[in-house]
Amino acid sequence: MTAPEYDVLVLGEVLVEIHAGTALREAADGTAARISYSGDALNAAAAAAAAGARTALLTVVGDDELSVPLLRRAADLGVDVAHVRRAPRPNGAYLLSADPDGDREFVYWRTRSAASTLSQAHVEDWLPLLTGCRALITSGITGALSPTSRAAVPAAARAVHAAGGLVTYDPNHRPRLTGRAEARSLLAEVAPLTGLLKTSCPADALALVDTADPPTAAARYRALGARTVAVTAGPDRLLLDDGTRAAYHPVPVDPAPVDTTGAGDCFTGTTTARLALGDPLARAVAYGVAAASLSVAGRGGTGRVPSFTETAALAARVAQDTAQPL
């Protein structure tokens with residue numbers, strides 16, 4: 001039987017999200033909280049599916065009771081979970097507090113989580129899917145979960161790259177999860193395989209390529225081998241460097257943001273999906289920034305996943321207002 005083809009596969013971690021109703025230092029007995037499901041992989045996969053791509057999640061979930069609603073939520077978001085594996089471990093989780101200005105606080109529980117068992121053996125099992133897909137999204141977070149997940153990320157990227165697919169990589173450096181040397185090592189291995197590298201500046205760029213200047217950061221990532229680099233530099237600036245030119249692209253700013261958690265993942269998922277579906281780079285990026293802007297109106301990583309109709313309408317308005325082609 002021929003393996004099904006997907007537009008986008010997302011390799012990474014799904015997390016249980018507990019959203020506190022107050023700043024974490026003020027949390028007291030009886031503080032209200034809301035359970036949802038997030039993680040950079042699920043956020044990106046949900047955005048890719050909403051953008052019209054046939055999308056599947058490649059991850060490992062636990063054997064606890066929360067795996068049922070977790071996978072149900074992913075499926076409700078349009079993501080195929082048929083290839084998700086199980087492990088006799090708990091699912092990872094995090095406690096989040098966010099305010100409308102974008103300030104966020106996190107406490108994570110992911111030591112010995114199910115997702116940390118992700119390995120090269122899983123990648124080998126998924127090889128027919130990887131070699132048949134149009135695009136793969138993965139991240140530095142995925143590679144930092146454990147030594148086995150560290151091996152899985154470049155293995156999956158090599159498979160997709162060798163088959164002619166697009167690899168999208170977000171270094172997404174988390175100092176509490178991994179050191180700079182380890183993150184730089186993984187970046188150096190994956191960057192030459194990437195068609196799109198999405199990164200933040202100054203956070204990622206300072207840690208990984210020693211600069212707080214977006215054009216310099218983009219040039220240094222490209223020197224590592226990335227074909228195209230998108231650098232988010234605050235809520236209203238995105239620099240795109242495709243090797244022919246580096247230019248800032250207009251980013252719509254939501255006038256009433258609720259929570260910026262997952263906005264970068266929404267950009268990554270939407271942009272990758274549209275590239276996989278054949279859109280030119282500039283148009284795919286315009287859709288990505290529009291979707292990310294809309295996403296901040298919801299609470300949590302998947303609290304607001306805009307439909308592609310909404311995304312396309314906002315991108316068209318931005319293009320008209322700025323006299324930019326779409």
# chains A, B, ... in the order shown; residues from 1 in each chain; ligands from 1

$ residues_around --residues "Val296 (chain A)" --least-positions-apart "6" --cutoff "7 Å" --atoms "only C-alpha atoms" --output "PyMOL selection string"
chain A and resi 257-260+263

$ residues_around --residues "region 200-210 of chain A" --least-positions-apart "3" --cutoff "6 Å" --atoms "only C-alpha atoms" --output "tab-separated table (two decimals) with N, CA, C and O atoms, in the first residue's frame"
chain	number	residue	atom	x	y	z
A	173	HIS	N	15.20	28.79	20.65
A	173	HIS	CA	16.12	28.47	21.74
A	173	HIS	C	15.47	28.72	23.10
A	173	HIS	O	14.90	29.79	23.35
A	184	ARG	N	23.50	25.46	19.13
A	184	ARG	CA	24.28	25.84	17.95
A	184	ARG	C	24.71	24.61	17.15
A	184	ARG	O	24.73	24.65	15.91
A	217	ALA	N	21.68	38.95	11.56
A	217	ALA	CA	21.25	37.61	11.96
A	217	ALA	C	20.87	36.79	10.74
A	217	ALA	O	21.28	35.62	10.60
A	231	VAL	N	13.03	36.61	10.02
A	231	VAL	CA	13.42	37.05	11.36
A	231	VAL	C	12.32	37.91	11.94
A	231	VAL	O	12.03	38.99	11.43
A	232	THR	N	11.68	37.43	13.01
A	232	THR	CA	10.71	38.26	13.71
A	232	THR	C	11.47	39.15	14.69
A	232	THR	O	12.30	38.67	15.45
A	233	ALA	N	11.18	40.44	14.64
A	233	ALA	CA	11.91	41.41	15.46
A	233	ALA	C	10.91	42.30	16.18
A	233	ALA	O	10.80	43.50	15.91

$ closest_residue --among "A:Ala223, A:Ala144, A:Ala162, A:Val79" --to "Asp241 (chain A)" --atoms "only C-alpha atoms"
A:Ala223

$ residues_around --residues "Ala50 (chain A)" --least-positions-apart "5" --cutoff "7 Å" --atoms "only C-alpha atoms" --output "PyMOL selection string"
chain A and resi 306-308

$ atom_distance --atom1 "CA of Ala115 (chain A)" --atom2 "CA of Gly52 (chain A)"
26.4 Å

$ atom_distance --atom1 "CA of Leu277 (chain A)" --atom2 "CA of Val8 (chain A)"
9.4 Å

$ atom_distance --atom1 "CA of Val14 (chain A)" --atom2 "CA of Pro192 (chain A)"
26.2 Å

$ select_by_dssp --residues "region 91-263 of chain A" --states "helix (DSSP H, G or I)" --output "VMD selection string"
chain A and resid 115 to 117 120 to 125 127 to 132 140 to 144 147 to 162 180 to 193 203 to 209 214 to 223 263
